[in-house]
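Read the structure below first, then the notes.
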Amino acid sequence: MKISPSLLAADFKKLGEEVARITAAGAEMLHLDVMDGNFVPNMSFGPDVIKAIRPVSDIFFDVHLMIDRPERYIDKFIAAGADGVTIHFESTEQPAEVLKAIRAAGKKAGLSISPDTPAEAIEKLLPLADMVLVMTVYPGFGGQKLIPAQLEKAQKVRNMLDAKGLTAVDVQADGGIGLGNLSDVLAHGINVVVAGTAVFGAPDPAAVIAEMRKLA
Ligand code: DX5
Ligand code: ZN
């Protein structure tokens, strides 16, 4: 299991300290939720914020783009310090080209599906992805409740990957994950777990990460 705490739930007054804290706690990745107010009904931060926190840590920067036509901004996020860039299947007419561009830049390409998109929709794109992100809430806001049916969908994605021999591809789940449901999440073929509120909302994020490890 890799843990990717979502900075969306951190204290924005002291982002640098929060990144340092989560790095020291041993998280494998830092999940960076970028929202444009169009693809999702909320806004968060863009490449300049990512660039500002990049020197604080050498942890894997896992950038989740919830923006329309991400092809316009891939270069900017890579220049800002992304190690992996995840785009939404629903956000572009050219997902294959965008995934290829991310890989051509030497970064990990992620493909995400929102709750209403079936697993089958991305089957042909799987060979172009290093990670598949199955949203376990409707994208846009932290602190929501996990939708259990999405776990079945994640398992379906894992089965599709296995059937194609794409066993090295990560399956990530994002939204509403915490200590109470982590075991269930991990039982569905998911090996990368995003957690915002559960980690940054706790008084001691390092202790939560340690508890999560015990369940893996
Ligand atoms: C939702 C974001 C998630 C979210 C996770 O649009 O993609 O990464 O911040 O936060 P929690 O863990 O609080 O649901
Ligand atoms: Zn996210």
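In the structure tokens, the first chain shown is A, the next is B, and so on; residue numbers restart at 1 for each chain, and ligands run from 1 in the order shown.
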Inset, instruction - Kindly provide, as a ChimeraX atom specification, all nucleotide and amino acid residues lying within 7 Å of ligand 1, counting only C-alpha atoms and all ligand atoms. - result: /A:6,8-9,31,33,64,137-145,174-177,194-198
Legend entry - Residues flagged helix (DSSP H, G or I) by DSSP in segment 129-215 of chain A, as a PyMOL selection string: chain A and resi 149-163+182-186+197-200+205-215
Inset, instruction - Find the residues around Asp36 of chain A up to 10 Å (only C-alpha atoms counted), leave out those fewer than 6 positions away in its own chain, and share them as a PyMOL selection string. - result: chain A and resi 42-46+65-68+140
Inset, instruction - With a distance cut-off of 7 Å and only C-alpha atoms, select the neighbouring residues of Gln172 of chain A, excluding the residue or stretch itself and same-chain residues fewer than 5 positions from it, and output the selection as an MDAnalysis selection string. - result: chainID A and resid 131:134 190:193
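Among A:Ala210, A:Asn38, A:Leu15, A:Leu32, the residue with the shortest atom-to-atom distance to Ala52 of chain A, counting only C-alpha atoms, is A:Leu15.
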Legend entry - Residue with smallest distance to Val56 of chain A - pool A:Lys107, A:Lys100, A:Arg158, A:Lys14, counting only C-alpha atoms: A:Lys14
Selection: 9 Å around Gln150 of chain A, only C-alpha atoms, excl. self and same-chain fewer than 2 positions, as a PDB file with N, CA and C atoms, in the first residue's frame:
ATOM      1  N   PRO A 115     -17.529   8.924 -10.366  1.00  0.00           N
ATOM      2  CA  PRO A 115     -18.477   7.855  -9.998  1.00  0.00           C
ATOM      3  C   PRO A 115     -19.440   7.415 -11.105  1.00  0.00           C
ATOM      4  N   VAL A 134      -9.714   5.677  -9.232  1.00  0.00           N
ATOM      5  CA  VAL A 134     -11.168   5.495  -9.154  1.00  0.00           C
ATOM      6  C   VAL A 134     -11.684   6.421  -8.042  1.00  0.00           C
ATOM      7  N   MET A 135     -12.475   7.408  -8.432  1.00  0.00           N
ATOM      8  CA  MET A 135     -13.024   8.335  -7.433  1.00  0.00           C
ATOM      9  C   MET A 135     -14.060   7.604  -6.583  1.00  0.00           C
ATOM     10  N   THR A 136     -13.906   7.710  -5.271  1.00  0.00           N
ATOM     11  CA  THR A 136     -14.864   7.075  -4.371  1.00  0.00           C
ATOM     12  C   THR A 136     -15.846   8.105  -3.800  1.00  0.00           C
ATOM     13  N   VAL A 137     -15.732   9.352  -4.304  1.00  0.00           N
ATOM     14  CA  VAL A 137     -16.741  10.400  -4.054  1.00  0.00           C
ATOM     15  C   VAL A 137     -16.865  11.179  -5.367  1.00  0.00           C
ATOM     16  N   LEU A 146     -17.487   8.021   1.501  1.00  0.00           N
ATOM     17  CA  LEU A 146     -17.155   7.073   0.426  1.00  0.00           C
ATOM     18  C   LEU A 146     -18.416   6.370  -0.108  1.00  0.00           C
ATOM     19  N   ILE A 147     -18.491   6.260  -1.436  1.00  0.00           N
ATOM     20  CA  ILE A 147     -19.613   5.571  -2.086  1.00  0.00           C
ATOM     21  C   ILE A 147     -19.204   4.107  -2.287  1.00  0.00           C
ATOM     22  N   PRO A 148     -19.788   3.170  -1.533  1.00  0.00           N
ATOM     23  CA  PRO A 148     -19.311   1.775  -1.560  1.00  0.00           C
ATOM     24  C   PRO A 148     -19.287   1.136  -2.956  1.00  0.00           C
ATOM     25  N   GLU A 152     -16.408  -1.658  -5.850  1.00  0.00           N
ATOM     26  CA  GLU A 152     -16.628  -2.759  -6.805  1.00  0.00           C
ATOM     27  C   GLU A 152     -16.040  -2.381  -8.163  1.00  0.00           C
ATOM     28  N   LYS A 153     -16.206  -1.115  -8.507  1.00  0.00           N
ATOM     29  CA  LYS A 153     -15.671  -0.649  -9.790  1.00  0.00           C
ATOM     30  C   LYS A 153     -14.136  -0.715  -9.800  1.00  0.00           C
ATOM     31  N   ALA A 154     -13.526  -0.361  -8.676  1.00  0.00           N
ATOM     32  CA  ALA A 154     -12.052  -0.436  -8.581  1.00  0.00           C
ATOM     33  C   ALA A 154     -11.591  -1.876  -8.774  1.00  0.00           C
ATOM     34  N   GLN A 155     -12.327  -2.811  -8.192  1.00  0.00           N
ATOM     35  CA  GLN A 155     -11.987  -4.223  -8.354  1.00  0.00           C
ATOM     36  C   GLN A 155     -12.093  -4.640  -9.824  1.00  0.00           C
ATOM     37  N   ALA A 173      -7.563   4.913  -4.973  1.00  0.00           N
ATOM     38  CA  ALA A 173      -8.918   5.339  -4.606  1.00  0.00           C
ATOM     39  C   ALA A 173      -8.806   6.659  -3.871  1.00  0.00           C
TER      40      ALA A 173
END
Inset, instruction - Would you mind writing down, as a ChimeraX atom specification, each residue of segment 73-209 of chain A that DSSP on the backbone assigns to strand (DSSP E)? - result: /A:84-88,108-113,131-135,170-174,192-195
Take the residues from that selection and put them in a file with C-alpha atoms, as a PDB file, in the first residue's frame.
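Ended up saving to result-v1.pdb:
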ATOM      1  CA  GLY A  84       2.814  12.061 -11.707  1.00  0.00           C
ATOM      2  CA  VAL A  85      -0.122  13.781 -13.386  1.00  0.00           C
ATOM      3  CA  THR A  86      -3.611  12.305 -13.271  1.00  0.00           C
ATOM      4  CA  ILE A  87      -6.246  13.538 -15.707  1.00  0.00           C
ATOM      5  CA  HIS A  88      -9.972  12.822 -15.735  1.00  0.00           C
ATOM      6  CA  LYS A 108       3.803   8.902 -14.441  1.00  0.00           C
ATOM      7  CA  ALA A 109       0.483   9.122 -16.267  1.00  0.00           C
ATOM      8  CA  GLY A 110      -2.714   8.717 -14.268  1.00  0.00           C
ATOM      9  CA  LEU A 111      -6.247   8.296 -15.566  1.00  0.00           C
ATOM     10  CA  SER A 112      -9.211   9.008 -13.311  1.00  0.00           C
ATOM     11  CA  ILE A 113     -12.882   8.126 -13.546  1.00  0.00           C
ATOM     12  CA  MET A 131      -2.097   4.560 -12.455  1.00  0.00           C
ATOM     13  CA  VAL A 132      -5.896   4.435 -12.543  1.00  0.00           C
ATOM     14  CA  LEU A 133      -7.680   6.667 -10.036  1.00  0.00           C
ATOM     15  CA  VAL A 134     -11.168   5.495  -9.154  1.00  0.00           C
ATOM     16  CA  MET A 135     -13.024   8.335  -7.433  1.00  0.00           C
ATOM     17  CA  ASP A 170      -1.408   1.242  -9.590  1.00  0.00           C
ATOM     18  CA  VAL A 171      -5.087   1.450  -8.690  1.00  0.00           C
ATOM     19  CA  GLN A 172      -5.767   4.481  -6.523  1.00  0.00           C
ATOM     20  CA  ALA A 173      -8.918   5.339  -4.606  1.00  0.00           C
ATOM     21  CA  ASP A 174      -9.721   8.903  -3.573  1.00  0.00           C
ATOM     22  CA  VAL A 192      -2.728   3.543  -3.506  1.00  0.00           C
ATOM     23  CA  VAL A 193      -4.889   5.278  -0.960  1.00  0.00           C
ATOM     24  CA  VAL A 194      -5.653   9.009  -0.874  1.00  0.00           C
ATOM     25  CA  ALA A 195      -6.717  10.411   2.475  1.00  0.00           C
TER      26      ALA A 195
END
Inset, instruction - Mind checking which residues fall within 9 Å of Phe89 of chain A, counting only C-alpha atoms, ignoring those fewer than 3 positions away in the same chain, and posting them as a list in words? - result: Thr92, Glu93, Gln94, Pro95, Leu111, Ser112, Ile113, Ser114, Thr117, Ala121 and Ile122 of chain A
